[in-house]
>>> print(open('query-v5.cif').read())   # mmCIF, C-alpha atoms and all ligand atoms
data_coords
loop_
_atom_site.group_PDB
_atom_site.id
_atom_site.type_symbol
_atom_site.label_atom_id
_atom_site.label_comp_id
_atom_site.auth_asym_id
_atom_site.auth_seq_id
_atom_site.Cartn_x
_atom_site.Cartn_y
_atom_site.Cartn_z
ATOM 1 C CA MET U 1 0.420 11.388 3.794
ATOM 2 C CA VAL U 2 0.514 8.404 6.135
ATOM 3 C CA PHE U 3 2.129 8.571 9.570
ATOM 4 C CA VAL U 4 2.870 5.508 11.646
ATOM 5 C CA SER U 5 3.636 5.489 15.366
ATOM 6 C CA GLY U 6 3.972 2.828 18.002
ATOM 7 C CA PRO U 7 6.067 1.924 21.016
ATOM 8 C CA SER U 8 9.660 0.832 20.662
ATOM 9 C CA GLY U 9 9.983 -2.884 19.861
ATOM 10 C CA VAL U 10 6.473 -3.169 18.476
ATOM 11 C CA GLY U 11 7.683 -4.035 14.965
ATOM 12 C CA LYS U 12 7.041 -0.545 13.584
ATOM 13 C CA SER U 13 10.213 -0.378 11.458
ATOM 14 C CA THR U 14 9.562 -3.747 9.818
ATOM 15 C CA ILE U 15 5.964 -2.775 9.114
ATOM 16 C CA CYS U 16 6.997 0.603 7.676
ATOM 17 C CA ARG U 17 9.616 -0.958 5.393
ATOM 18 C CA ARG U 18 6.969 -3.270 3.952
ATOM 19 C CA LEU U 19 4.447 -0.447 3.621
ATOM 20 C CA ALA U 20 6.971 1.748 1.790
ATOM 21 C CA CYS U 21 7.434 -1.046 -0.768
ATOM 22 C CA ASP U 22 3.860 -2.228 -1.063
ATOM 23 C CA LEU U 23 1.766 0.949 -0.955
ATOM 24 C CA PRO U 24 4.148 2.256 -2.430
ATOM 25 C CA ALA U 25 5.195 5.290 -0.404
ATOM 26 C CA GLU U 26 8.281 7.446 -0.057
ATOM 27 C CA PHE U 27 9.881 7.491 3.405
ATOM 28 C CA ALA U 28 10.083 11.029 4.831
ATOM 29 C CA VAL U 29 13.585 12.055 5.914
ATOM 30 C CA SER U 30 14.137 12.896 9.592
ATOM 31 C CA ALA U 31 16.984 14.833 11.087
ATOM 32 C CA THR U 32 18.096 13.546 14.476
ATOM 33 C CA THR U 33 20.701 14.342 17.104
ATOM 34 C CA ARG U 34 21.089 10.673 18.056
ATOM 35 C CA ALA U 35 24.083 8.712 16.756
ATOM 36 C CA GLY U 36 23.661 6.476 13.712
ATOM 37 C CA LYS U 37 23.302 2.693 14.111
ATOM 38 C CA PRO U 38 24.100 -0.071 11.581
ATOM 39 C CA GLN U 39 20.390 -0.914 11.160
ATOM 40 C CA ASP U 40 19.692 2.674 9.997
ATOM 41 C CA ALA U 41 20.810 1.600 6.521
ATOM 42 C CA LEU U 42 17.418 -0.129 6.197
ATOM 43 C CA GLY U 43 14.101 1.672 6.059
ATOM 44 C CA LYS U 44 13.502 5.088 7.564
ATOM 45 C CA LYS U 45 15.925 7.739 6.343
ATOM 46 C CA TYR U 46 17.891 9.783 8.881
ATOM 47 C CA LEU U 47 20.152 12.765 8.612
ATOM 48 C CA PHE U 48 22.455 12.730 11.649
ATOM 49 C CA ILE U 49 23.225 16.226 12.896
ATOM 50 C CA SER U 50 24.484 18.026 16.001
ATOM 51 C CA GLU U 51 22.181 19.760 18.517
ATOM 52 C CA ALA U 52 23.455 23.124 17.254
ATOM 53 C CA GLU U 53 22.516 22.254 13.677
ATOM 54 C CA PHE U 54 19.119 20.965 14.808
ATOM 55 C CA LYS U 55 18.474 24.259 16.597
ATOM 56 C CA GLN U 56 19.550 26.211 13.536
ATOM 57 C CA ARG U 57 17.274 24.193 11.227
ATOM 58 C CA LEU U 58 14.420 24.669 13.704
ATOM 59 C CA GLU U 59 14.952 28.428 13.614
ATOM 60 C CA ASN U 60 14.977 28.243 9.801
ATOM 61 C CA ASN U 61 11.555 26.567 9.966
ATOM 62 C CA GLU U 62 12.854 23.468 8.158
ATOM 63 C CA PHE U 63 10.764 20.938 10.102
ATOM 64 C CA LEU U 64 7.240 19.768 9.457
ATOM 65 C CA GLU U 65 7.138 18.520 13.064
ATOM 66 C CA TYR U 66 9.713 17.799 15.728
ATOM 67 C CA ALA U 67 9.980 16.214 19.156
ATOM 68 C CA ASN U 68 12.390 15.111 21.830
ATOM 69 C CA VAL U 69 12.256 11.313 22.101
ATOM 70 C CA PHE U 70 14.366 9.364 24.631
ATOM 71 C CA GLY U 71 16.526 12.476 25.144
ATOM 72 C CA HIS U 72 17.303 13.078 21.460
ATOM 73 C CA TRP U 73 15.802 15.534 18.998
ATOM 74 C CA TYR U 74 13.982 14.254 15.924
ATOM 75 C CA GLY U 75 12.298 16.282 13.191
ATOM 76 C CA THR U 76 10.760 15.520 9.811
ATOM 77 C CA LEU U 77 12.408 17.651 7.134
ATOM 78 C CA LYS U 78 9.795 19.667 5.283
ATOM 79 C CA GLN U 79 11.476 19.983 1.885
ATOM 80 C CA PRO U 80 11.673 16.282 0.846
ATOM 81 C CA VAL U 81 8.043 15.763 1.945
ATOM 82 C CA VAL U 82 6.867 18.734 -0.115
ATOM 83 C CA GLU U 83 8.815 17.444 -3.147
ATOM 84 C CA SER U 84 7.381 13.926 -2.877
ATOM 85 C CA LEU U 85 3.819 15.182 -2.447
ATOM 86 C CA ALA U 86 4.253 17.581 -5.377
ATOM 87 C CA ALA U 87 5.389 14.600 -7.482
ATOM 88 C CA GLY U 88 2.127 12.845 -6.568
ATOM 89 C CA LYS U 89 3.779 10.281 -4.308
ATOM 90 C CA MET U 90 2.395 8.962 -1.048
ATOM 91 C CA VAL U 91 4.648 9.943 1.867
ATOM 92 C CA LEU U 92 5.244 7.711 4.889
ATOM 93 C CA LEU U 93 6.321 9.205 8.230
ATOM 94 C CA GLU U 94 7.567 6.924 11.007
ATOM 95 C CA ILE U 95 7.361 9.253 14.000
ATOM 96 C CA ASP U 96 6.425 9.309 17.683
ATOM 97 C CA VAL U 97 3.046 10.318 19.120
ATOM 98 C CA GLN U 98 4.097 13.935 19.814
ATOM 99 C CA GLY U 99 4.989 14.278 16.120
ATOM 100 C CA GLY U 100 1.842 12.425 15.048
ATOM 101 C CA SER U 101 -0.305 14.877 17.012
ATOM 102 C CA GLN U 102 1.420 17.849 15.326
ATOM 103 C CA ILE U 103 0.906 16.319 11.863
ATOM 104 C CA HIS U 104 -2.748 15.590 12.645
ATOM 105 C CA ARG U 105 -3.362 19.215 13.676
ATOM 106 C CA MET U 106 -1.629 20.568 10.542
ATOM 107 C CA PHE U 107 -2.982 18.015 8.055
ATOM 108 C CA PRO U 108 -6.237 16.545 9.369
ATOM 109 C CA GLU U 109 -6.543 14.507 6.149
ATOM 110 C CA ALA U 110 -3.238 12.687 6.807
ATOM 111 C CA VAL U 111 -3.785 9.066 7.822
ATOM 112 C CA GLY U 112 -2.534 8.216 11.320
ATOM 113 C CA ILE U 113 -1.820 4.568 12.121
ATOM 114 C CA PHE U 114 -0.808 3.324 15.554
ATOM 115 C CA ILE U 115 0.829 -0.075 16.062
ATOM 116 C CA MET U 116 0.008 -1.699 19.390
ATOM 117 C CA PRO U 117 2.107 -4.368 21.096
ATOM 118 C CA PRO U 118 0.304 -7.722 21.554
ATOM 119 C CA ALA U 119 0.852 -8.048 25.326
ATOM 120 C CA GLU U 120 3.428 -6.814 27.823
ATOM 121 C CA LYS U 121 5.205 -10.186 28.063
ATOM 122 C CA ASP U 122 5.488 -10.391 24.246
ATOM 123 C CA LEU U 123 6.884 -6.858 24.082
ATOM 124 C CA ILE U 124 9.522 -7.764 26.707
ATOM 125 C CA ALA U 125 10.418 -10.925 24.740
ATOM 126 C CA ARG U 126 10.794 -8.902 21.525
ATOM 127 C CA LEU U 127 12.980 -6.266 23.144
ATOM 128 C CA GLN U 128 15.132 -9.013 24.691
ATOM 129 C CA SER U 129 15.536 -10.850 21.381
ATOM 130 C CA ARG U 130 16.517 -7.601 19.647
ATOM 131 C CA GLY U 131 19.505 -7.464 22.010
ATOM 132 C CA ARG U 132 19.851 -3.671 21.944
ATOM 133 C CA ASP U 133 18.741 -2.918 25.538
ATOM 134 C CA ASP U 134 19.785 -4.138 28.972
ATOM 135 C CA ALA U 135 17.203 -5.192 31.610
ATOM 136 C CA ALA U 136 16.783 -1.669 33.029
ATOM 137 C CA ALA U 137 16.333 -0.161 29.570
ATOM 138 C CA ILE U 138 13.762 -2.843 28.721
ATOM 139 C CA GLN U 139 11.772 -1.992 31.878
ATOM 140 C CA ARG U 140 11.897 1.694 30.924
ATOM 141 C CA ARG U 141 10.765 0.980 27.361
ATOM 142 C CA VAL U 142 7.840 -1.152 28.618
ATOM 143 C CA ALA U 143 6.672 1.701 30.871
ATOM 144 C CA GLU U 144 7.132 4.149 27.982
ATOM 145 C CA ALA U 145 5.135 1.845 25.697
ATOM 146 C CA ALA U 146 2.162 1.950 28.076
ATOM 147 C CA ALA U 147 2.412 5.751 28.262
ATOM 148 C CA GLU U 148 2.673 5.997 24.469
ATOM 149 C CA VAL U 149 -0.445 3.846 23.928
ATOM 150 C CA LYS U 150 -2.332 6.103 26.372
ATOM 151 C CA ALA U 151 -1.054 9.277 24.674
ATOM 152 C CA ALA U 152 -1.988 7.908 21.227
ATOM 153 C CA CYS U 153 -5.543 7.125 22.367
ATOM 154 C CA GLU U 154 -5.945 10.556 23.959
ATOM 155 C CA SER U 155 -4.447 12.462 21.005
ATOM 156 C CA GLY U 156 -7.268 11.582 18.606
ATOM 157 C CA ALA U 157 -4.598 11.641 15.855
ATOM 158 C CA TYR U 158 -4.805 7.954 14.957
ATOM 159 C CA ARG U 159 -7.609 6.748 12.746
ATOM 160 C CA PHE U 160 -6.441 3.161 12.744
ATOM 161 C CA MET U 161 -4.956 1.142 15.595
ATOM 162 C CA VAL U 162 -3.658 -2.306 14.822
ATOM 163 C CA VAL U 163 -2.242 -4.918 17.190
ATOM 164 C CA ASN U 164 0.914 -6.462 15.778
ATOM 165 C CA GLN U 165 0.088 -10.028 16.810
ATOM 166 C CA VAL U 166 0.888 -11.631 13.445
ATOM 167 C CA LEU U 167 3.144 -9.384 11.362
ATOM 168 C CA VAL U 168 1.805 -10.237 7.886
ATOM 169 C CA GLU U 169 -1.777 -9.773 9.065
ATOM 170 C CA ALA U 170 -1.010 -6.385 10.617
ATOM 171 C CA ILE U 171 0.616 -5.244 7.348
ATOM 172 C CA GLU U 172 -2.309 -6.467 5.235
ATOM 173 C CA ASP U 173 -4.817 -4.787 7.602
ATOM 174 C CA ILE U 174 -2.989 -1.468 7.272
ATOM 175 C CA LYS U 175 -2.771 -1.738 3.477
ATOM 176 C CA ARG U 176 -6.498 -2.476 3.259
ATOM 177 C CA PHE U 177 -7.255 0.492 5.523
ATOM 178 C CA VAL U 178 -5.075 2.907 3.510
ATOM 179 C CA ALA U 179 -6.653 1.690 0.243
ATOM 180 C CA ALA U 180 -10.150 2.203 1.691
ATOM 181 C CA VAL U 181 -9.309 5.716 2.902
ATOM 182 C CA ARG U 182 -7.870 6.670 -0.482
ATOM 183 C CA GLN U 183 -10.863 5.308 -2.340
ATOM 184 C CA PRO U 184 -13.948 5.626 -0.171
ATOM 185 C CA PRO U 185 -16.727 3.263 -1.286
ATOM 186 C CA ASN U 186 -18.990 4.795 -3.902
ATOM 187 C CA PRO U 187 -22.583 4.387 -2.665
ATOM 188 C CA LEU U 188 -23.839 4.683 -6.271
ATOM 189 C CA ARG U 189 -22.166 1.347 -7.038
ATOM 190 C CA GLN U 190 -24.751 -0.430 -4.880
ATOM 191 C CA LEU U 191 -27.728 1.043 -6.737
HETATM 192 P P1 LIG F 1 14.870 5.473 16.732
HETATM 193 O O1 LIG F 1 15.939 6.314 17.322
HETATM 194 O O2 LIG F 1 14.713 4.145 17.437
HETATM 195 O O3 LIG F 1 15.027 5.317 15.235
HETATM 196 O O4 LIG F 1 13.490 6.253 16.957
HETATM 197 C C1 LIG F 1 13.051 6.560 18.254
HETATM 198 C C2 LIG F 1 11.649 7.123 18.187
HETATM 199 O O5 LIG F 1 11.671 8.377 17.515
HETATM 200 C C3 LIG F 1 10.669 6.239 17.410
HETATM 201 O O6 LIG F 1 9.417 6.265 18.096
HETATM 202 C C4 LIG F 1 10.547 6.950 16.087
HETATM 203 O O7 LIG F 1 9.309 6.695 15.461
HETATM 204 C C5 LIG F 1 10.668 8.403 16.541
HETATM 205 N N1 LIG F 1 11.060 9.282 15.438
HETATM 206 C C6 LIG F 1 11.937 9.028 14.450
HETATM 207 N N2 LIG F 1 12.036 10.073 13.623
HETATM 208 C C7 LIG F 1 11.171 11.015 14.075
HETATM 209 C C8 LIG F 1 10.803 12.323 13.631
HETATM 210 O O8 LIG F 1 11.279 12.845 12.629
HETATM 211 N N3 LIG F 1 9.883 12.983 14.379
HETATM 212 C C9 LIG F 1 9.326 12.442 15.498
HETATM 213 N N4 LIG F 1 8.413 13.175 16.133
HETATM 214 N N5 LIG F 1 9.639 11.223 15.943
HETATM 215 C C10 LIG F 1 10.557 10.509 15.248
#
>>> encode(input="query-v5.cif", output="structure tokens", more="lines below")
Ligand code: 5GP
Amino acid sequence: MVFVSGPSGVGKSTICRRLACDLPAEFAVSATTRAGKPQDALGKKYLFISEAEFKQRLENNEFLEYANVFGHWYGTLKQPVVESLAAGKMVLLEIDVQGGSQIHRMFPEAVGIFIMPPAEKDLIARLQSRGRDDAAAIQRRVAEAAAEVKAACESGAYRFMVVNQVLVEAIEDIKRFVAAVRQPPNPLRQL
């Protein structure tokens, strides 16, 4: 199980889409109370539900982890993850730091990866070019990014932190790290 977190606008979705293809890994399905967007057709899989349904599923213990992010509820559905793992597939979770911390506590062997923004001015430029947020929302997301980096460092849930300066390099670094974790070097090979 690999879980990837990082502030909004850091390139996390693009990185996760490539990782899902290249590792390869199955995207975990999340239920969320936020409304769907056109770009949701790509990458991470969402099930869009009402707050009442989210609450019901929470009571039914259907989530592996859950959190409130930017005022909406998000939770990784347990069943598809269990099925993928049982089929021997690697599972990829794209979740926030609160969720990452829960996963780390439950599955200490899961691999936590945190994507860092290159610099504040680059993060602002990326959010502006994405065209989804107005100036006030961009300011809020920049402040949230700083808080998320701090929370990720303090959580101890992330074994690998990579700065997304050059996208292809960040992806290759993560792939190399995941491969190394899956197949730790055999010291006997050096004898
Ligand atoms: P977005 O709405 O932009 O797709 O996601 C907003 C934030 O929620 C991102 O940081 C994303 O990683 C996080 N997120 C998405 N799905 C889940 C989930 O199932 N659990 C948790 N904890 N966070 C999630």
>>> resolve_selection(input="query-v5.cif", expression="the PyMOL selection byres (((not hetatm)) within 10 of (chain F and resi 1))", output="mmCIF file with C-alpha atoms, in the frame of the given file")
data_model
loop_
_atom_site.group_PDB
_atom_site.id
_atom_site.type_symbol
_atom_site.label_atom_id
_atom_site.label_comp_id
_atom_site.auth_asym_id
_atom_site.auth_seq_id
_atom_site.Cartn_x
_atom_site.Cartn_y
_atom_site.Cartn_z
ATOM 1 C CA PHE U 3 2.129 8.571 9.570
ATOM 2 C CA VAL U 4 2.870 5.508 11.646
ATOM 3 C CA SER U 5 3.636 5.489 15.366
ATOM 4 C CA GLY U 6 3.972 2.828 18.002
ATOM 5 C CA PRO U 7 6.067 1.924 21.016
ATOM 6 C CA SER U 8 9.660 0.832 20.662
ATOM 7 C CA GLY U 9 9.983 -2.884 19.861
ATOM 8 C CA VAL U 10 6.473 -3.169 18.476
ATOM 9 C CA LYS U 12 7.041 -0.545 13.584
ATOM 10 C CA SER U 13 10.213 -0.378 11.458
ATOM 11 C CA ALA U 28 10.083 11.029 4.831
ATOM 12 C CA VAL U 29 13.585 12.055 5.914
ATOM 13 C CA SER U 30 14.137 12.896 9.592
ATOM 14 C CA ALA U 31 16.984 14.833 11.087
ATOM 15 C CA THR U 32 18.096 13.546 14.476
ATOM 16 C CA THR U 33 20.701 14.342 17.104
ATOM 17 C CA ARG U 34 21.089 10.673 18.056
ATOM 18 C CA ALA U 35 24.083 8.712 16.756
ATOM 19 C CA GLY U 36 23.661 6.476 13.712
ATOM 20 C CA LYS U 37 23.302 2.693 14.111
ATOM 21 C CA GLN U 39 20.390 -0.914 11.160
ATOM 22 C CA ASP U 40 19.692 2.674 9.997
ATOM 23 C CA GLY U 43 14.101 1.672 6.059
ATOM 24 C CA LYS U 44 13.502 5.088 7.564
ATOM 25 C CA LYS U 45 15.925 7.739 6.343
ATOM 26 C CA TYR U 46 17.891 9.783 8.881
ATOM 27 C CA LEU U 47 20.152 12.765 8.612
ATOM 28 C CA PHE U 63 10.764 20.938 10.102
ATOM 29 C CA LEU U 64 7.240 19.768 9.457
ATOM 30 C CA GLU U 65 7.138 18.520 13.064
ATOM 31 C CA TYR U 66 9.713 17.799 15.728
ATOM 32 C CA ALA U 67 9.980 16.214 19.156
ATOM 33 C CA ASN U 68 12.390 15.111 21.830
ATOM 34 C CA VAL U 69 12.256 11.313 22.101
ATOM 35 C CA PHE U 70 14.366 9.364 24.631
ATOM 36 C CA GLY U 71 16.526 12.476 25.144
ATOM 37 C CA HIS U 72 17.303 13.078 21.460
ATOM 38 C CA TRP U 73 15.802 15.534 18.998
ATOM 39 C CA TYR U 74 13.982 14.254 15.924
ATOM 40 C CA GLY U 75 12.298 16.282 13.191
ATOM 41 C CA THR U 76 10.760 15.520 9.811
ATOM 42 C CA LEU U 77 12.408 17.651 7.134
ATOM 43 C CA LEU U 93 6.321 9.205 8.230
ATOM 44 C CA GLU U 94 7.567 6.924 11.007
ATOM 45 C CA ILE U 95 7.361 9.253 14.000
ATOM 46 C CA ASP U 96 6.425 9.309 17.683
ATOM 47 C CA VAL U 97 3.046 10.318 19.120
ATOM 48 C CA GLN U 98 4.097 13.935 19.814
ATOM 49 C CA GLY U 99 4.989 14.278 16.120
ATOM 50 C CA GLY U 100 1.842 12.425 15.048
ATOM 51 C CA SER U 101 -0.305 14.877 17.012
ATOM 52 C CA GLN U 102 1.420 17.849 15.326
ATOM 53 C CA ILE U 103 0.906 16.319 11.863
ATOM 54 C CA ALA U 145 5.135 1.845 25.697
ATOM 55 C CA GLU U 148 2.673 5.997 24.469
#
>>> closest_residue(input="query-v5.cif", among="U:Val81, U:Ala143, U:Val166, U:Ala157", to="U:Pro108", atoms="only C-alpha atoms")
U:Ala157
>>> residues_around(input="query-v5.cif", residues="stretch 169-173 of chain U", least_positions_apart="3", cutoff="12 Å", atoms="all atoms listed in the file", output="PDB file with C-alpha atoms, in the coordinates of the input")
ATOM      1  CA  VAL U   4       2.870   5.508  11.646  1.00  0.00           C
ATOM      2  CA  VAL U  10       6.473  -3.169  18.476  1.00  0.00           C
ATOM      3  CA  GLY U  11       7.683  -4.035  14.965  1.00  0.00           C
ATOM      4  CA  LYS U  12       7.041  -0.545  13.584  1.00  0.00           C
ATOM      5  CA  SER U  13      10.213  -0.378  11.458  1.00  0.00           C
ATOM      6  CA  THR U  14       9.562  -3.747   9.818  1.00  0.00           C
ATOM      7  CA  ILE U  15       5.964  -2.775   9.114  1.00  0.00           C
ATOM      8  CA  CYS U  16       6.997   0.603   7.676  1.00  0.00           C
ATOM      9  CA  ARG U  17       9.616  -0.958   5.393  1.00  0.00           C
ATOM     10  CA  ARG U  18       6.969  -3.270   3.952  1.00  0.00           C
ATOM     11  CA  LEU U  19       4.447  -0.447   3.621  1.00  0.00           C
ATOM     12  CA  ALA U  20       6.971   1.748   1.790  1.00  0.00           C
ATOM     13  CA  CYS U  21       7.434  -1.046  -0.768  1.00  0.00           C
ATOM     14  CA  ASP U  22       3.860  -2.228  -1.063  1.00  0.00           C
ATOM     15  CA  LEU U  23       1.766   0.949  -0.955  1.00  0.00           C
ATOM     16  CA  ILE U 113      -1.820   4.568  12.121  1.00  0.00           C
ATOM     17  CA  PHE U 114      -0.808   3.324  15.554  1.00  0.00           C
ATOM     18  CA  ILE U 115       0.829  -0.075  16.062  1.00  0.00           C
ATOM     19  CA  MET U 116       0.008  -1.699  19.390  1.00  0.00           C
ATOM     20  CA  PRO U 117       2.107  -4.368  21.096  1.00  0.00           C
ATOM     21  CA  PRO U 118       0.304  -7.722  21.554  1.00  0.00           C
ATOM     22  CA  PHE U 160      -6.441   3.161  12.744  1.00  0.00           C
ATOM     23  CA  MET U 161      -4.956   1.142  15.595  1.00  0.00           C
ATOM     24  CA  VAL U 162      -3.658  -2.306  14.822  1.00  0.00           C
ATOM     25  CA  VAL U 163      -2.242  -4.918  17.190  1.00  0.00           C
ATOM     26  CA  ASN U 164       0.914  -6.462  15.778  1.00  0.00           C
ATOM     27  CA  GLN U 165       0.088 -10.028  16.810  1.00  0.00           C
ATOM     28  CA  VAL U 166       0.888 -11.631  13.445  1.00  0.00           C
ATOM     29  CA  ARG U 176      -6.498  -2.476   3.259  1.00  0.00           C
ATOM     30  CA  PHE U 177      -7.255   0.492   5.523  1.00  0.00           C
ATOM     31  CA  VAL U 178      -5.075   2.907   3.510  1.00  0.00           C
ATOM     32  CA  ALA U 179      -6.653   1.690   0.243  1.00  0.00           C
ATOM     33  CA  ALA U 180     -10.150   2.203   1.691  1.00  0.00           C
TER      34      ALA U 180
END
>>> atom_distance(input="query-v5.cif", atom1="atom CA of U:Lys175", atom2="atom CA of U:Pro24")
9.9 Å
>>> atom_distance(input="query-v5.cif", atom1="atom CA of U:Ala146", atom2="atom CA of U:Glu120")
8.9 Å
>>> closest_residue(input="query-v5.cif", among="U:His104, U:Arg182, U:Val142, U:Glu53", to="U:Ala119", atoms="all atoms listed in the file")
U:Val142
>>> atom_distance(input="query-v5.cif", atom1="atom CA of U:Lys89", atom2="atom CA of U:Ala25")
6.5 Å
>>> residues_around(input="query-v5.cif", residues="stretch 110-112 of chain U", least_positions_apart="4", cutoff="6 Å", atoms="only C-alpha atoms", output="tab-separated table (two decimals) with C-alpha atoms, in the frame of the given file")
chain	number	residue	atom	x	y	z
U	1	MET	CA	0.42	11.39	3.79
U	2	VAL	CA	0.51	8.40	6.14
U	3	PHE	CA	2.13	8.57	9.57
U	158	TYR	CA	-4.80	7.95	14.96
U	159	ARG	CA	-7.61	6.75	12.75
>>> closest_residue(input="query-v5.cif", among="U:Ile49, U:Val91, U:Ala41, U:Leu123", to="U:Arg141", atoms="only C-alpha atoms")
U:Leu123
>>> axis_aligned_box(input="query-v5.cif", around="stretch 78-94 of chain U", padding_each_side="3 Å", output="AutoDock Vina command-line options")
--center_x 6.9 --center_y 13.5 --center_z 1.8 --size_x 15.5 --size_y 19.1 --size_z 24.5
